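Undergrad: target.cif is the file, holding mmCIF, C-alpha atoms:
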data_input
#
loop_
_atom_site.label_atom_id
_atom_site.label_comp_id
_atom_site.auth_asym_id
_atom_site.auth_seq_id
_atom_site.Cartn_x
_atom_site.Cartn_y
_atom_site.Cartn_z
CA MET B 10 -17.92 0.73 -8.65
CA SER B 11 -15.61 2.41 -6.15
CA TYR B 12 -12.55 1.59 -4.08
CA GLY B 13 -14.69 1.31 -0.97
CA THR B 14 -17.21 3.73 0.50
CA LEU B 15 -16.61 7.25 -0.72
CA ILE B 16 -16.39 9.46 2.36
CA ALA B 17 -15.62 12.77 0.67
CA SER B 18 -13.90 14.29 -2.31
CA ALA B 19 -12.56 17.67 -3.31
CA THR B 20 -11.52 19.14 -6.64
CA LEU B 21 -9.89 22.54 -6.86
CA SER B 22 -11.41 25.07 -9.22
CA SER B 23 -8.42 27.36 -8.69
CA GLY B 24 -4.96 27.07 -7.17
CA ALA B 25 -4.76 26.72 -3.41
CA ALA B 26 -2.23 26.22 -0.66
CA SER B 27 -3.61 22.75 0.05
CA ILE B 28 -6.46 20.42 -0.68
CA ASP B 29 -8.28 19.33 2.44
CA ILE B 30 -10.77 16.74 3.59
CA ASN B 31 -12.28 17.23 7.05
CA SER B 32 -14.77 15.49 9.33
CA ILE B 33 -13.65 11.96 8.47
CA PRO B 34 -15.82 9.59 10.51
CA ASN B 35 -14.30 6.80 12.60
CA THR B 36 -16.70 4.16 11.32
CA PHE B 37 -14.39 2.34 8.90
CA THR B 38 -11.33 0.17 9.35
CA ASP B 39 -8.87 1.63 6.86
CA LEU B 40 -8.64 4.69 4.65
CA LEU B 41 -7.71 4.76 0.99
CA ILE B 42 -6.86 8.19 -0.36
CA VAL B 43 -6.63 8.53 -4.13
CA ALA B 44 -5.25 11.83 -5.36
CA SER B 45 -4.52 13.46 -8.67
CA ILE B 46 -2.05 16.24 -7.93
CA ARG B 47 -0.08 18.87 -9.76
CA ASN B 48 1.93 21.84 -8.47
CA GLY B 49 0.46 25.05 -9.80
CA THR B 50 3.36 27.43 -9.34
CA GLY B 51 6.29 25.44 -8.02
CA SER B 52 8.69 24.08 -10.59
CA GLY B 53 11.90 22.15 -10.49
CA ALA B 54 12.98 18.59 -10.65
CA THR B 55 12.97 18.23 -6.88
CA GLY B 56 11.14 21.14 -5.30
CA GLY B 57 8.03 21.35 -7.41
CA ARG B 58 7.29 17.63 -7.35
CA ALA B 59 7.44 17.09 -3.60
CA PHE B 60 4.15 16.86 -1.72
CA ARG B 61 3.12 15.62 1.68
CA VAL B 62 -0.02 14.64 3.50
CA ASN B 63 -0.78 16.01 6.94
CA PHE B 64 -3.20 14.46 9.41
CA ASN B 65 -5.30 16.48 11.83
CA GLY B 66 -3.19 19.52 11.03
CA SER B 67 -0.07 17.93 12.50
CA THR B 68 3.32 18.43 10.84
CA THR B 69 5.46 16.64 13.42
CA SER B 70 6.26 13.10 14.62
CA ARG B 71 6.94 11.82 11.11
CA THR B 72 9.34 9.16 9.90
CA THR B 73 9.64 8.22 6.25
CA ARG B 74 11.58 6.06 3.87
CA TRP B 75 10.82 6.34 0.17
CA LEU B 76 12.11 4.53 -2.87
CA ASN B 77 11.96 6.30 -6.21
CA GLY B 78 12.59 4.91 -9.64
CA SER B 79 12.67 6.53 -13.03
CA GLY B 80 13.70 5.14 -16.35
CA THR B 81 17.33 5.94 -15.63
CA GLY B 82 17.90 5.10 -11.99
CA THR B 83 16.67 4.76 -8.45
CA SER B 84 17.01 6.85 -5.35
CA THR B 85 15.94 6.65 -1.77
CA GLY B 86 15.44 9.15 0.99
CA THR B 87 13.91 9.95 4.32
CA ASP B 88 12.24 13.28 3.61
CA ASP B 89 8.56 13.31 4.45
CA TYR B 90 7.12 13.60 0.99
CA PHE B 91 5.89 11.76 -2.09
CA TRP B 92 6.35 12.70 -5.74
CA ALA B 93 3.80 14.11 -8.18
CA VAL B 94 4.04 16.64 -11.05
CA ALA B 95 5.66 20.08 -10.89
CA SER B 96 4.33 23.18 -12.63
CA ASP B 97 6.90 22.75 -15.40
CA GLY B 98 5.90 19.17 -16.02
CA THR B 99 4.17 18.03 -19.16
CA ALA B 100 1.07 20.16 -19.68
CA ASN B 101 -2.22 18.77 -18.42
CA ILE B 102 -0.51 15.91 -16.60
CA PHE B 103 -1.27 15.18 -12.95
CA GLY B 104 0.53 12.74 -10.70
CA ASN B 105 -1.53 9.82 -9.43
CA THR B 106 -1.13 8.91 -5.80
CA SER B 107 -2.57 6.22 -3.57
CA ILE B 108 -2.26 6.47 0.22
CA TYR B 109 -3.38 3.49 2.29
CA ILE B 110 -3.81 3.90 6.04
CA PRO B 111 -4.84 0.82 8.03
CA ASP B 112 -6.60 1.29 11.37
CA TYR B 113 -6.76 5.05 10.87
CA ALA B 114 -9.19 5.48 13.77
CA GLY B 115 -7.39 3.17 16.16
CA SER B 116 -5.33 4.10 19.17
CA ALA B 117 -1.93 3.04 17.81
CA ASN B 118 0.57 5.10 15.90
CA LYS B 119 -0.37 5.41 12.23
CA ILE B 120 1.68 3.68 9.57
CA TYR B 121 0.80 4.09 5.93
CA LEU B 122 2.02 3.34 2.41
CA VAL B 123 2.17 5.84 -0.43
CA ASP B 124 2.39 4.86 -4.11
CA SER B 125 2.74 7.67 -6.58
CA VAL B 126 3.53 8.11 -10.23
CA GLY B 127 4.26 11.23 -12.19
CA GLU B 128 6.36 12.77 -14.88
CA ASN B 129 8.60 15.79 -15.02
CA ASN B 130 8.72 16.30 -18.76
CA ALA B 131 8.33 14.21 -21.86
CA SER B 132 11.47 12.21 -21.14
CA ILE B 133 10.92 11.12 -17.54
CA SER B 134 8.30 9.05 -15.79
CA GLU B 135 8.67 8.05 -12.17
CA LEU B 136 7.30 5.66 -9.60
CA SER B 137 7.78 6.13 -5.92
CA LEU B 138 6.97 3.86 -3.01
CA GLY B 139 6.97 5.27 0.47
CA SER B 140 6.67 3.81 3.93
CA HIS B 141 5.56 6.38 6.49
CA LEU B 142 4.91 6.66 10.17
CA TRP B 143 2.94 9.33 11.98
CA ALA B 144 3.77 8.68 15.63
CA ASN B 145 0.44 9.84 16.94
CA THR B 146 -2.26 7.71 18.52
CA ALA B 147 -5.15 10.02 17.66
CA ALA B 148 -7.80 8.91 15.22
CA ILE B 149 -7.41 10.61 11.86
CA THR B 150 -10.25 13.04 11.29
CA SER B 151 -8.80 15.26 8.59
CA ILE B 152 -6.20 15.11 5.84
CA SER B 153 -4.44 17.85 3.95
CA ILE B 154 -2.28 17.43 0.85
CA LEU B 155 0.11 20.26 0.05
CA PRO B 156 3.48 20.96 -1.56
CA THR B 157 6.34 20.28 0.76
CA LEU B 158 8.83 22.79 -0.59
CA VAL B 159 7.46 25.30 -3.12
CA GLY B 160 4.33 26.38 -4.92
CA ASN B 161 0.68 25.48 -4.46
CA ILE B 162 -1.83 22.87 -5.54
CA ALA B 163 -2.96 23.45 -9.12
CA ALA B 164 -6.53 23.89 -10.23
CA GLY B 165 -7.98 20.58 -11.35
CA SER B 166 -6.19 18.62 -8.62
CA SER B 167 -8.50 16.25 -6.79
CA VAL B 168 -8.63 14.02 -3.73
CA TYR B 169 -11.01 11.16 -3.02
CA VAL B 170 -11.13 9.56 0.43
CA TYR B 171 -12.61 6.07 0.71
CA GLY B 172 -13.45 4.11 3.81
CA VAL B 173 -12.53 0.42 3.71
CA THR B 174 -14.13 -1.99 6.12
CA LYS B 175 -12.57 -5.34 6.97
CA GLY B 176 -14.84 -8.23 7.58
CA THR B 177 -15.69 -11.78 6.73
CA LEU B 178 -17.45 -13.32 3.78
CA ALA B 179 -19.37 -16.45 4.59
CA GLY B 180 -17.35 -19.54 3.79
CA VAL B 181 -13.85 -18.02 3.93
CA THR B 182 -11.97 -19.28 6.96
CA VAL B 183 -8.77 -18.27 8.74
CA SER B 184 -6.51 -20.61 10.67
CA MET P 10 -5.71 0.35 -8.24
CA PRO P 11 -8.55 -1.75 -6.88
CA SER P 12 -12.12 -1.24 -7.99
CA ALA P 13 -14.80 -2.52 -5.61
CA MET P 14 -13.23 -4.16 -2.54
CA THR P 15 -15.23 -6.80 -0.69
CA PRO P 16 -13.93 -7.90 2.71
CA LEU P 17 -13.38 -11.64 2.75
CA ALA P 18 -11.64 -12.37 6.03
CA THR P 19 -9.80 -10.69 8.85
CA VAL P 20 -7.84 -11.88 11.84
CA THR P 21 -5.92 -10.29 14.69
CA LEU P 22 -3.67 -12.77 16.44
CA SER P 23 -4.51 -13.27 20.09
CA SER P 24 -1.29 -15.21 20.55
CA ALA P 25 1.91 -15.68 18.60
CA SER P 26 1.70 -17.86 15.52
CA SER P 27 4.10 -19.06 12.86
CA SER P 28 1.56 -18.78 10.05
CA VAL P 29 -1.88 -17.57 9.01
CA THR P 30 -3.96 -19.32 6.36
CA PHE P 31 -6.98 -18.03 4.47
CA SER P 32 -9.01 -20.92 3.07
CA ASN P 33 -12.13 -21.44 0.94
CA ILE P 34 -11.45 -18.30 -1.08
CA PRO P 35 -14.26 -18.03 -3.64
CA ALA P 36 -13.47 -17.66 -7.31
CA THR P 37 -15.96 -14.86 -7.82
CA PHE P 38 -13.64 -11.86 -7.87
CA ARG P 39 -10.99 -10.68 -10.29
CA ASP P 40 -8.11 -9.90 -7.94
CA LEU P 41 -7.24 -10.25 -4.29
CA ARG P 42 -5.77 -7.61 -1.98
CA LEU P 43 -4.07 -8.71 1.21
CA THR P 44 -2.98 -6.22 3.84
CA TYR P 45 -1.12 -7.17 6.95
CA SER P 46 0.51 -5.23 9.74
CA VAL P 47 2.86 -7.45 11.68
CA SER P 48 5.58 -7.72 14.24
CA SER P 49 7.68 -10.75 14.96
CA THR P 50 9.06 -12.33 18.08
CA THR P 51 12.39 -12.84 16.37
CA GLY P 52 13.22 -9.50 14.79
CA ASN P 53 13.64 -8.98 11.05
CA GLN P 54 12.30 -11.88 9.01
CA ASP P 55 11.18 -12.65 5.50
CA ILE P 56 7.57 -13.62 5.02
CA GLY P 57 6.77 -16.44 2.65
CA VAL P 58 3.55 -17.38 0.96
CA ARG P 59 2.10 -20.60 -0.25
CA PHE P 60 -0.87 -20.81 -2.58
CA ASN P 61 -3.12 -23.85 -2.24
CA GLY P 62 -0.57 -25.38 0.12
CA THR P 63 2.05 -25.66 -2.63
CA THR P 64 5.67 -25.68 -1.50
CA GLY P 65 8.83 -25.99 -3.52
CA THR P 66 10.38 -23.93 -6.28
CA SER P 67 7.38 -22.96 -8.36
CA TYR P 68 7.66 -19.39 -7.14
CA VAL P 69 9.89 -16.60 -8.43
CA TYR P 70 10.32 -13.15 -7.02
CA MET P 71 12.14 -9.86 -7.39
CA VAL P 72 12.46 -7.31 -4.62
CA GLY P 73 13.89 -3.81 -4.68
CA THR P 74 14.76 -1.64 -1.75
CA GLY P 75 16.53 1.67 -1.59
CA SER P 76 19.90 0.17 -2.22
CA THR P 77 19.52 -3.35 -3.56
CA VAL P 78 17.63 -5.50 -5.99
CA ALA P 79 17.35 -9.22 -5.44
CA SER P 80 15.59 -12.10 -7.12
CA GLY P 81 15.18 -15.78 -6.52
CA THR P 82 13.28 -18.96 -7.15
CA VAL P 83 13.66 -20.83 -3.89
CA SER P 84 10.55 -19.59 -2.22
CA ASP P 85 8.20 -16.73 -2.69
CA LEU P 86 9.05 -13.44 -1.04
CA LEU P 87 5.93 -11.43 -0.56
CA GLY P 88 6.83 -9.39 2.42
CA TYR P 89 9.01 -8.59 5.33
CA VAL P 90 8.46 -8.27 9.04
CA ASN P 91 10.29 -5.94 11.30
CA ALA P 92 9.75 -4.51 14.72
CA PRO P 93 7.79 -2.37 15.33
CA GLY P 94 4.76 -3.17 13.18
CA LEU P 95 5.34 -3.23 9.47
CA LEU P 96 2.66 -2.69 6.84
CA ASN P 97 2.54 -4.93 3.80
CA MET P 98 0.04 -4.59 0.98
CA VAL P 99 -0.16 -7.28 -1.68
CA ASP P 100 -2.22 -7.36 -4.85
CA ILE P 101 -2.69 -10.74 -6.53
CA PHE P 102 -4.03 -10.43 -10.04
CA ASP P 103 -6.47 -12.75 -11.85
CA TYR P 104 -6.17 -15.22 -8.97
CA ALA P 105 -9.04 -17.40 -10.18
CA GLN P 106 -8.07 -17.62 -13.83
CA THR P 107 -7.06 -21.12 -14.92
CA ASP P 108 -5.29 -20.14 -18.12
CA ARG P 109 -2.36 -18.23 -16.62
CA HIS P 110 0.27 -18.16 -13.94
CA LYS P 111 -0.41 -15.95 -10.94
CA THR P 112 1.42 -12.68 -10.35
CA GLY P 113 1.55 -10.44 -7.34
CA PHE P 114 2.85 -7.03 -6.42
CA ASN P 115 3.75 -6.12 -2.88
CA ARG P 116 4.83 -2.89 -1.29
CA TYR P 117 6.02 -2.68 2.24
CA GLY P 118 8.37 -0.87 4.47
CA ALA P 119 9.48 0.22 7.86
CA ALA P 120 9.37 3.97 7.98
CA ALA P 121 12.51 4.10 10.08
CA SER P 122 14.62 2.05 7.71
CA PHE P 123 13.38 1.15 4.23
CA ALA P 124 10.65 1.10 1.61
CA ALA P 125 10.46 -1.76 -0.83
CA GLY P 126 8.48 -3.26 -3.63
CA SER P 127 8.47 -6.82 -4.80
CA THR P 128 6.91 -8.73 -7.64
CA SER P 129 6.35 -12.43 -7.62
CA LYS P 130 4.92 -15.21 -9.71
CA TRP P 131 3.48 -18.60 -8.90
CA ALA P 132 4.03 -20.88 -11.88
CA SER P 133 0.65 -22.56 -11.72
CA THR P 134 -2.60 -22.18 -13.65
CA ALA P 135 -4.68 -23.38 -10.72
CA ALA P 136 -7.20 -20.98 -9.24
CA ILE P 137 -6.03 -19.78 -5.85
CA ASN P 138 -8.37 -20.98 -3.10
CA SER P 139 -6.06 -20.67 -0.11
CA ILE P 140 -3.23 -18.39 0.93
CA GLN P 141 -0.82 -19.18 3.74
CA LEU P 142 1.60 -16.57 5.05
CA TYR P 143 4.44 -17.90 7.14
CA ILE P 144 7.43 -16.38 8.82
CA GLY P 145 10.96 -17.54 8.15
CA THR P 146 12.02 -17.99 11.75
CA GLY P 147 10.03 -17.55 14.90
CA THR P 148 6.47 -16.30 15.00
CA PHE P 149 4.19 -13.42 14.19
CA SER P 150 3.54 -11.53 17.42
CA ALA P 151 0.17 -11.36 19.09
CA GLY P 152 -1.64 -8.31 17.80
CA SER P 153 -0.51 -8.81 14.20
CA THR P 154 -3.42 -8.23 11.83
CA PHE P 155 -4.24 -9.75 8.46
CA ASN P 156 -7.05 -8.65 6.12
CA LEU P 157 -8.13 -10.21 2.82
CA PHE P 158 -10.30 -8.44 0.24
CA GLY P 159 -11.81 -9.54 -3.05
CA VAL P 160 -11.53 -6.96 -5.82
CA SER P 161 -14.17 -6.82 -8.52
CA ALA P 162 -13.69 -5.51 -12.01
#
Go through the file and emit its structure as structure tokens.
TA:
Amino acid sequence: MSYGTLIASATLSSGAASIDINSIPNTFTDLLIVASIRNGTGSGATGGRAFRVNFNGSTTSRTTRWLNGSGTGTSTGTDDYFWAVASDGTANIFGNTSIYIPDYAGSANKIYLVDSVGENNASISELSLGSHLWANTAAITSISILPTLVGNIAAGSSVYVYGVTKGTLAGVTVS
Amino acid sequence: MPSAMTPLATVTLSSASSSVTFSNIPATFRDLRLTYSVSSTTGNQDIGVRFNGTTGTSYVYMVGTGSTVASGTVSDLLGYVNAPGLLNMVDIFDYAQTDRHKTGFNRYGAAASFAAGSTSKWASTAAINSIQLYIGTGTFSAGSTFNLFGVSA
């Protein structure tokens, strides 16, 4: 079973500046990106846990609002990133992230949702929800996940990109 | 996280409409995932949901944004519409089980202003066979899209 049609995946055997998926076809309706991410060298409660996803190599035209909650409070911000695990987080723990992009190959600006969970050390676990806009009408053909502020992507980090196709099942109606 | 996702229905509005209803939903999946990207003709609005045409106070919800948390029992809050297009993604768990109430989790946001998550419950053990989304005031704009998926275990 899978989340849709697996388009491509990548798992790092050693630390790298980013983890990339290229040559994404335009034959699906939506994209679901499932990532397991850890910062290899960047630590810190804020810096090491911040990651972003770039599309088609673009780093501009971004608007974001995220909501973050831990066991002790909530926060919100507009920086273009989501939260995973820093290098000084609990050993062998990776943050789990889901990125859903509807109409990724369409000609409208791209809006997408990011859910991510992670932990900083044994006393903190976090959930973040993010609403993002990439104001670009190009079809998405590549994605790149990388740290926003410090460090690199740790060995063992992985990304899976699934194509989701909308459609109709016989008998289900819409009115 | 969904497992296998089967497309069940999709619609893009060719003209403005105050509601969209998915009917004849089969009971052969475990969960449902509903995604919708919408604009409204009347600005910021709450989006309500009715399962199997049921109205009234059998729904409860809790919603959290960056600065507030709210809850209620008057009507279900599963989403929000804003201009420009806003993405909502709703998971409804064990929708066909007849031994439990139905719960849902929604995340949505407008990148320029907020991100939010909401949880909701429909206090009924009936299997869900129809879902209606309706807007509080006004209409969903033409071009709004709605997609329903069945999620298998």
Undergrad: Let me make sure I understand: among B:Leu138, B:Ile110, B:Ile46, B:Leu41, which one has the smallest atom-to-atom distance to Gly24 in chain B if we use all atoms listed in the file?
TA: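 Closest to Gly24 in chain B, using all atoms listed in the file: B:Ile46.
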Undergrad: List as an MDAnalysis selection string the protein and nucleic acid residues near Thr107 in chain P, meaning an atom at most 12 Å away when all atoms listed in the file are counted, but skip any in the same chain fewer than 3 places from it.
TA: chainID P and resid 36 103:104 110:111 132:138
Undergrad: For the atom pair CA of Ser23 in chain P and CA of Val58 in chain P, what is the interatomic distance in Å to one decimal place?
TA: 21.2 Å
Undergrad: Near chain P, which residues of chain B fall within 6 Å when you count all atoms listed in the file, and what do they look like as a PDB file with C-alpha atoms, keeping the file's coordinate frame?
TA:
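Once written, selection.pdb looks like this:
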ATOM      1  CA  MET B  10     -17.920   0.730  -8.650  1.00  0.00           C
ATOM      2  CA  SER B  11     -15.610   2.410  -6.150  1.00  0.00           C
ATOM      3  CA  TYR B  12     -12.550   1.590  -4.080  1.00  0.00           C
ATOM      4  CA  GLY B  13     -14.690   1.310  -0.970  1.00  0.00           C
ATOM      5  CA  THR B  72       9.340   9.160   9.900  1.00  0.00           C
ATOM      6  CA  THR B  73       9.640   8.220   6.250  1.00  0.00           C
ATOM      7  CA  ARG B  74      11.580   6.060   3.870  1.00  0.00           C
ATOM      8  CA  TRP B  75      10.820   6.340   0.170  1.00  0.00           C
ATOM      9  CA  LEU B  76      12.110   4.530  -2.870  1.00  0.00           C
ATOM     10  CA  THR B  85      15.940   6.650  -1.770  1.00  0.00           C
ATOM     11  CA  GLY B 139       6.970   5.270   0.470  1.00  0.00           C
ATOM     12  CA  SER B 140       6.670   3.810   3.930  1.00  0.00           C
ATOM     13  CA  HIS B 141       5.560   6.380   6.490  1.00  0.00           C
ATOM     14  CA  LEU B 142       4.910   6.660  10.170  1.00  0.00           C
ATOM     15  CA  LYS B 175     -12.570  -5.340   6.970  1.00  0.00           C
ATOM     16  CA  GLY B 176     -14.840  -8.230   7.580  1.00  0.00           C
ATOM     17  CA  THR B 177     -15.690 -11.780   6.730  1.00  0.00           C
ATOM     18  CA  LEU B 178     -17.450 -13.320   3.780  1.00  0.00           C
ATOM     19  CA  VAL B 181     -13.850 -18.020   3.930  1.00  0.00           C
ATOM     20  CA  THR B 182     -11.970 -19.280   6.960  1.00  0.00           C
ATOM     21  CA  VAL B 183      -8.770 -18.270   8.740  1.00  0.00           C
ATOM     22  CA  SER B 184      -6.510 -20.610  10.670  1.00  0.00           C
TER      23      SER B 184
END
Undergrad: Record the distance separating CA of Gly57 in chain P and CA of Ala117 in chain B, expressed in Å with one decimal.
TA: 26.2 Å
Undergrad: Determine the residue set returned by the PyMOL selection byres ((chain P and resi 149) around 12) for the present structure, and present it as a PyMOL selection string.
TA: chain P and resi 21-29+45-56+89-95+142-148+150-155
Undergrad: Between B:Asn65, B:Asn35, B:Asn48, B:Thr55, which residue has the minimum interatomic distance to Ser151 in chain B, considering all atoms listed in the file?
TA: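 Using all atoms listed in the file, Ser151 in chain B sits closest to B:Asn65.
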Undergrad: Given the PyMOL selection byres ((chain B and resi 170) around 6) and the file above, list the residues it selects as number ranges by chain.
TA: B: 16-17, 41-42, 169, 171
Undergrad: Would you work out the distance separating CA of Gly51 in chain B from CA of Ala163 in chain B, expressed in Å to one decimal?
TA: 9.5 Å
Undergrad: Of the residues B:Ser32, B:Thr106, B:Asn118, B:Ser96, which is the one nearest to Arg58 in chain B, using all atoms listed in the file?
TA: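 Closest candidate: B:Ser96.
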Undergrad: Name the residues captured by the PyMOL selection byres ((chain B and resi 59) around 7) when it is applied to the shown file; answer as a PyMOL selection string.
TA: chain B and resi 55-58+60-61+90-93+156-158
Undergrad: Counting only C-alpha atoms, which of B:Gly160, B:Gly82, B:Gly66, B:Gly115 gets nearest to Ala147 in chain B?
TA: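 Looking only at the distances to Ala147 in chain B, the closest residue turns out to be B:Gly115.
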Undergrad: Name the residues in contact with Ser134 in chain B at a cut-off of 12 Å, using all atoms listed in the file, excluding same-chain residues fewer than 5 positions from it; report them as a PyMOL selection string.
TA: chain B and resi 54+77-83+92-94+98-99+102-105+125-129
Undergrad: May I have the residues at most 6 Å from (-5.6, -5.7, -1.9) in the file's coordinates, counting all atoms listed in the file, as a compact mmCIF listing (two decimals) with C-alpha atoms, keeping the file's coordinate frame?
TA:
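Written file, out_23.txt:
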# COMPACT_ATOMS: atom_id res chain seq x y z
CA LEU P 41 -7.24 -10.25 -4.29
CA ARG P 42 -5.77 -7.61 -1.98
CA LEU P 43 -4.07 -8.71 1.21
CA VAL P 99 -0.16 -7.28 -1.68
CA ASP P 100 -2.22 -7.36 -4.85
CA PHE P 158 -10.30 -8.44 0.24
Undergrad: Let me make sure I understand: among B:Val123, B:Leu40, B:Ala144, B:Ile33, which one has the smallest atom-to-atom distance to Ser70 in chain B if we use all atoms listed in the file?
TA: B:Ala144
